[in-house]
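To start, the structure itself, in structure tokens.
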Amino acid sequence: MSKKPPKGEYIETETGNKVSRRGQLVGTTNIILGGKSVIQAEVVIRGDLTREKQQGQGNQVAIAIGRYCIFSRACELRPPGKLYRGTFSHYPLKIADHVFVGPSSIIEAALIGNHVNIGANCVIGKFAIIKDYVRVLDGTVVPPNMVIPSFSIVAGRPAQVVGEIAEGEVDGFDLREAYRAVRN
Amino acid sequence: MASFAPYAYIQCPCTESNLPTRRLGSESPTDPLETEQEEPTFDPRAPRANYSLYPLEHLLYCEDCHQIRCPRCVIDELVACYCPNCLFEVPISTVKSEGNRCTRSCFQCPICIGPLSVSSIEAQRDGLGAEFAAYGGPYVLSCGFCNWSSDEIGIQLDKPNSIYNQLAKIRHGGKSLTNARERRKEREERSKLGYSPTIEEEGGSEDGQEKTDLNATEDFDAESQFGNLKAFYQAQLSESSPVSSLGLPGDYSYGSPGALSRIMGLYTGSSFADKKSRTKKGIMREARDAPEGLHIFSPSSDEEAVNRLRTEGWGNTVSTTQRKEQSEQNTHFLSDLRPIPYLLRTRRSKRCKTCRHILSKPESKVHSTRFRIRLVALNYIPSITIRPLQTSSSSLLRPMKPTQFLLTFKNPLFDSVKVNIATAAKTPGRFSSKVTVLCPQFEVGANTDAWEEALREGGNKGGEREKRRTKAEASEGQHQAEAGKVWERGRNWVSVVVEVIPASLRVQAPAFLKSEELQKDESPLREDEDVLEIPVFVRVEWEADPTHDDTGGLAAAGAKDKEVKEKRELAYWCVLGIGRIARD
Ligand SMILES: [Zn+2]
Ligand SMILES: [Zn+2]
Ligand SMILES: [Zn+2]
Ligand SMILES: [Zn+2]
């Protein structure tokens with residue numbers, strides 16, 4: 001909508017996404033952005049990793065991202081892959097609303113729920129499921145297939161639940177303010 | 001050095017008896033000046049302080065007591081139990097009978113506690129887990145983090161589901177194990193028929209045991225052994241005192257005569273019990289064989305352990321954390337470890353310890369993350385944020401250099417509040433910094449205009465904040481902090497200036513520069529002693545609507561002027577972590 005001067009760091013899309021010019025979005029037709037999300041510089045989003053068999057059947061979703069998500073510098077989103085019936089295939093990575101991913105973290109989860117805060121330098125293993133209101137502390141390695149229930153604080157290698165989200169912390173996961181603060 | 005995030009921690013008034021625990025509304029508020037002088041300054045470095053300081057987000061608020069509630073002054077109440085892995089809810093009755101672990105197929109790696117997934121042996125060779133749908137059995141449990149597999153302890157499964165039940169029947173090396181309950185049932189049946197247990201009937205005996213005392217030393221798993229012991233003593237209790245004082249047969253209570261004499265016997269070296277109860281018909285005896293729960297220590301097991309240590313080496317022994325997770329008591333080697341069934345997690349509601357009103361209650365639906373009741377302190381007391389007034393290049397505070405900080409108080413209430421903040425002139429501890437609050441008394445506006453917040457969500461570019469600032473404070477141009485004046489003011493927030501003169505961290509300083517504590521104790525700088533923390537006593541006063549709750553939403557604003565206002569007051573200690581002082 002609003003045409004920014006070309007020098008700005010971010011390109012703002014019609015749905016309000018702020019995408020850095022230095023972000024690397026591969027296979028953009030397979031990436032769904034819900035709007036009002038921020039993609040910072042050097043972020044890698046691998047939309048090209050789709051299900052092997054059905055290629056050529058039009059666009060299929062590799063990565064679906066909700067609203068008000070913030071992907072910090074140099075984090076990477078990869079759809080998880082595994083061998084199934086003899087062939088290696090990737091499966092969609094779904095990210096809901098108000099998800100923050102810290103710098104240099106790698107996400108290969110199957111599902112990340114609403115209001116999730118992932119710190120810096122984390123690895124979220126293949127097919128991990130993170131439910132709503134979860135905080136992943138810096139440097140955590142979430143093993144493949146791990147399920148993290150709502151209101152958990154996890155840390156460590158491998159990740160372990162180290163605490164619970166207090167009632168009053170729930171509101172702090174809202175990223176609308178943080179989204180608005182990102183400007184060219 | 002890591003960057004320092006300023007913080008404000010609040011001390012819950014429940015912790016210190018010498019702090020004002022005024023029940024507001026019921027007692028007349030005391031004169032603020034008077035109490036101020038009586039109270040000693042709260043020392044955030046005191047060892048006990050650690051247990052009473054909380055970030056605002058961790059605190060609840062009781063609307064009936066009009067008081068802050070911390071995790072120490074609330075009662076947790078169980079709402080539901082669920083497995084953190086499969087997320088299935090487990091009814092509390094089941095938890096009581098089956099134990100507090102998931103009995104479906106959820107297991108943790110005994111080596112690294114990562115989640116175990118079921119995979120076919122065939123799929124294992126391809127190096128990826130969770131492929132069971134594609135392949136047939138047998139199956140193993142494998143860890144995606146450290147690559148451990150149950151194959152290593154010789155456990156393979158026939159089915160990819162209900163693994164808990166399958167595992168309960170398999171020993172290390174794949175030998176079958178009779179389930180504790182089945183065994184007990186068998187035994188009961190046998191005793192009914194008048195048999196005595198014989199060696200042949202007891203399956204799953206451990207190898208390497210001498211045949212003669214096989215019955216007594218037979219190795220049960222911990223669960224079966226406990227089950228056997230419990231069953232045995234329950235039977236003994238009901239025999240020795242058929243009807244207890246409460247009229248319930250087999251009652252465990254200490255009030256039952258059998259139990260009482262037993263306990264007396266324990267303390268008086270059995271003579272008491274002997275004299276008293278020898279005449280009685282039912283004397284309780286102890287367990288005397290394995291089916292009754294007796295486990296005889298065999299000296300050969302020690303030798304065996306030493307020999308294993310020789311052959312397998314130190315590297316194959318378990319760590320304390322690994323051992324702690326096991327339900328078996330005698331796991332010494334990695335090859336003895338078994339997959340750990342997931343411990344269930346709870347969903348809880350919280351009650352005020354004083355008046356028992358519910359402060360927090362989750363919605364009853366299993367996967368809902370909403371709350372039916374959620375009285376968080378965040379909605380009742382002003383939040384405090386700290387930032388330096390002048391941006392400096394260094395993240396550290398320069399010693400002896402006056403530095404100014406902005407404290408911003410944001411009011412969540414729909415009534416305006418009067419805030420009173422007090423600090424000691426010097427921070428407590430060996431290195432005491434000087435502190436001056438330039439404006440200790442001010443009023444913060446009500447949080448009435450909720451519409452504005454809603455409108456701002458409509459994608460404004462964020463210029464709103466600046467606009468409000470200029471409107472609120474006409475003297476924007478003045479960049480000199482003035483005593484007695486608010487620095488900046490907004491709809492429901494006020495910023496005031498605090499000036500600190502950070503102390504020098506030099507232990508070997510001239511005497512006149514040193515605090516009394518430092519003169520007494522000249523040991524080197526301790527951990528986190530360089531953090532400048534200011535204890536602040538905060539008093540908040542406001543006039544509330546007694547009929548409406550303060551967070552009732554927009555509706556509360558309408559009928560306000562008709563009601564009689566009620567005076568409320570809240571006072572608490574707060575610790576502001578400002579920053580780290582540089583070493584000079
Ligand atoms: Zn408390
Ligand atoms: Zn489970
Ligand atoms: Zn493992
Ligand atoms: Zn109460």
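Labeling convention for the structure tokens: chains A, B, ... as they appear, residues from 1 per chain, ligands from 1 in order of appearance.
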With the cut-off set at 7 Å and counting only C-alpha atoms and all ligand atoms, tabulate each residue of chain B with an atom at most that distance from an atom of ligand 3, showing the nearest atom pair and its distance in Å to one decimal, ordered by chain and increasing number, as CSV.
residue,atom,partner,partner_atom_place_in_ligand_line,distance
B:Cys109,CA,ligand 3,1 (Zn),4.5
B:Pro110,CA,ligand 3,1 (Zn),6.7
B:Ile111,CA,ligand 3,1 (Zn),5.1
B:Cys112,CA,ligand 3,1 (Zn),4.1
B:Ile113,CA,ligand 3,1 (Zn),5.8
B:Gly114,CA,ligand 3,1 (Zn),5.0
B:Cys143,CA,ligand 3,1 (Zn),4.6
B:Gly144,CA,ligand 3,1 (Zn),6.6
B:Phe145,CA,ligand 3,1 (Zn),5.1
B:Cys146,CA,ligand 3,1 (Zn),4.0
B:Asn147,CA,ligand 3,1 (Zn),5.9
B:Trp148,CA,ligand 3,1 (Zn),5.3
Selection above as a file: N, CA, C and O atoms, as a PDB file, in the first residue's frame:
ATOM      1  N   CYS B 109      13.918 -40.882  27.352  1.00  0.00           N
ATOM      2  CA  CYS B 109      15.183 -41.590  27.216  1.00  0.00           C
ATOM      3  C   CYS B 109      15.872 -41.671  28.584  1.00  0.00           C
ATOM      4  O   CYS B 109      16.023 -40.659  29.253  1.00  0.00           O
ATOM      5  N   PRO B 110      16.287 -42.867  28.995  1.00  0.00           N
ATOM      6  CA  PRO B 110      16.935 -42.978  30.308  1.00  0.00           C
ATOM      7  C   PRO B 110      18.332 -42.356  30.322  1.00  0.00           C
ATOM      8  O   PRO B 110      18.887 -42.091  31.386  1.00  0.00           O
ATOM      9  N   ILE B 111      18.887 -42.111  29.157  1.00  0.00           N
ATOM     10  CA  ILE B 111      20.229 -41.529  29.097  1.00  0.00           C
ATOM     11  C   ILE B 111      20.158 -40.001  29.144  1.00  0.00           C
ATOM     12  O   ILE B 111      20.854 -39.357  29.906  1.00  0.00           O
ATOM     13  N   CYS B 112      19.285 -39.418  28.299  1.00  0.00           N
ATOM     14  CA  CYS B 112      19.315 -37.958  28.149  1.00  0.00           C
ATOM     15  C   CYS B 112      17.976 -37.291  28.435  1.00  0.00           C
ATOM     16  O   CYS B 112      17.856 -36.086  28.273  1.00  0.00           O
ATOM     17  N   ILE B 113      16.969 -38.028  28.817  1.00  0.00           N
ATOM     18  CA  ILE B 113      15.591 -37.600  29.076  1.00  0.00           C
ATOM     19  C   ILE B 113      14.859 -37.021  27.857  1.00  0.00           C
ATOM     20  O   ILE B 113      13.774 -36.475  27.986  1.00  0.00           O
ATOM     21  N   GLY B 114      15.416 -37.174  26.681  1.00  0.00           N
ATOM     22  CA  GLY B 114      14.693 -36.767  25.476  1.00  0.00           C
ATOM     23  C   GLY B 114      13.503 -37.694  25.261  1.00  0.00           C
ATOM     24  O   GLY B 114      13.439 -38.773  25.832  1.00  0.00           O
ATOM     25  N   CYS B 143      15.659 -42.779  20.848  1.00  0.00           N
ATOM     26  CA  CYS B 143      15.784 -41.370  21.224  1.00  0.00           C
ATOM     27  C   CYS B 143      16.321 -40.590  20.036  1.00  0.00           C
ATOM     28  O   CYS B 143      17.340 -40.960  19.454  1.00  0.00           O
ATOM     29  N   GLY B 144      15.633 -39.529  19.689  1.00  0.00           N
ATOM     30  CA  GLY B 144      16.062 -38.709  18.563  1.00  0.00           C
ATOM     31  C   GLY B 144      17.167 -37.743  18.920  1.00  0.00           C
ATOM     32  O   GLY B 144      17.696 -37.041  18.069  1.00  0.00           O
ATOM     33  N   PHE B 145      17.509 -37.679  20.194  1.00  0.00           N
ATOM     34  CA  PHE B 145      18.537 -36.726  20.610  1.00  0.00           C
ATOM     35  C   PHE B 145      19.901 -37.398  20.753  1.00  0.00           C
ATOM     36  O   PHE B 145      20.884 -36.917  20.223  1.00  0.00           O
ATOM     37  N   CYS B 146      19.941 -38.551  21.476  1.00  0.00           N
ATOM     38  CA  CYS B 146      21.233 -39.199  21.714  1.00  0.00           C
ATOM     39  C   CYS B 146      21.347 -40.539  21.013  1.00  0.00           C
ATOM     40  O   CYS B 146      22.336 -41.239  21.188  1.00  0.00           O
ATOM     41  N   ASN B 147      20.320 -40.899  20.234  1.00  0.00           N
ATOM     42  CA  ASN B 147      20.332 -42.149  19.472  1.00  0.00           C
ATOM     43  C   ASN B 147      20.306 -43.413  20.316  1.00  0.00           C
ATOM     44  O   ASN B 147      20.597 -44.494  19.816  1.00  0.00           O
ATOM     45  N   TRP B 148      19.958 -43.317  21.564  1.00  0.00           N
ATOM     46  CA  TRP B 148      19.801 -44.514  22.383  1.00  0.00           C
ATOM     47  C   TRP B 148      18.606 -45.306  21.850  1.00  0.00           C
ATOM     48  O   TRP B 148      17.646 -44.727  21.333  1.00  0.00           O
TER      49      TRP B 148
END
message: Select, as a PyMOL selection string, those residues of chain B with any atom no more than 6 Å from chain A (distances computed using only C-alpha atoms).
response: chain B and resi 57-58+84-85+115+134+144-145+376
- request: Name each residue within 8 Å of ligand 2, counting only C-alpha atoms and all ligand atoms, as a list of chain:residue names.
  value: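 For ligand 2, the residues inside 8 Å are B:Tyr82, B:Cys83, B:Pro84, B:Asn85, B:Cys86, B:Leu87, B:Phe88, B:Cys102, B:Thr103, B:Arg104, B:Ser105, B:Cys106, B:Phe107, B:Tyr342, B:Leu344.
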- request: All residues within 7 Å of ligand 4 are required, counting only C-alpha atoms and all ligand atoms; please report them as a list in words.
  value: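 The neighbouring residues of ligand 4 are, in order, Cys62, Glu63, Asp64, Cys65, Cys352, Lys353, Thr354, Cys355, Arg356 and His357 of chain B.
Within chain A, DSSP run on the backbone puts these residues in alpha helix (DSSP H): Arg176, Glu177, Ala178, Tyr179, Arg180 and Ala181 of chain A.
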Export N, CA, C and O atoms of the chosen residues as a PDB file, in the first residue's frame?
ATOM      1  N   ARG A 176       1.879  -7.268  19.287  1.00  0.00           N
ATOM      2  CA  ARG A 176       1.392  -6.146  18.472  1.00  0.00           C
ATOM      3  C   ARG A 176       2.258  -4.915  18.649  1.00  0.00           C
ATOM      4  O   ARG A 176       2.629  -4.241  17.685  1.00  0.00           O
ATOM      5  N   GLU A 177       2.602  -4.645  19.915  1.00  0.00           N
ATOM      6  CA  GLU A 177       3.429  -3.476  20.206  1.00  0.00           C
ATOM      7  C   GLU A 177       4.805  -3.601  19.533  1.00  0.00           C
ATOM      8  O   GLU A 177       5.301  -2.650  18.928  1.00  0.00           O
ATOM      9  N   ALA A 178       5.369  -4.797  19.643  1.00  0.00           N
ATOM     10  CA  ALA A 178       6.694  -5.024  19.058  1.00  0.00           C
ATOM     11  C   ALA A 178       6.645  -4.889  17.536  1.00  0.00           C
ATOM     12  O   ALA A 178       7.573  -4.374  16.921  1.00  0.00           O
ATOM     13  N   TYR A 179       5.532  -5.332  16.939  1.00  0.00           N
ATOM     14  CA  TYR A 179       5.383  -5.210  15.489  1.00  0.00           C
ATOM     15  C   TYR A 179       5.367  -3.736  15.089  1.00  0.00           C
ATOM     16  O   TYR A 179       6.022  -3.319  14.140  1.00  0.00           O
ATOM     17  N   ARG A 180       4.611  -2.950  15.853  1.00  0.00           N
ATOM     18  CA  ARG A 180       4.496  -1.523  15.528  1.00  0.00           C
ATOM     19  C   ARG A 180       5.835  -0.805  15.679  1.00  0.00           C
ATOM     20  O   ARG A 180       6.121   0.150  14.988  1.00  0.00           O
ATOM     21  N   ALA A 181       6.644  -1.305  16.606  1.00  0.00           N
ATOM     22  CA  ALA A 181       7.926  -0.644  16.859  1.00  0.00           C
ATOM     23  C   ALA A 181       8.918  -0.833  15.715  1.00  0.00           C
ATOM     24  O   ALA A 181       9.892  -0.097  15.621  1.00  0.00           O
TER      25      ALA A 181
END
- prompt: Counting only C-alpha atoms and all ligand atoms, which of B:Gln11, B:Thr408, B:Gly313, B:Glu529 gets nearest to ligand 1?
  reply: B:Gln11
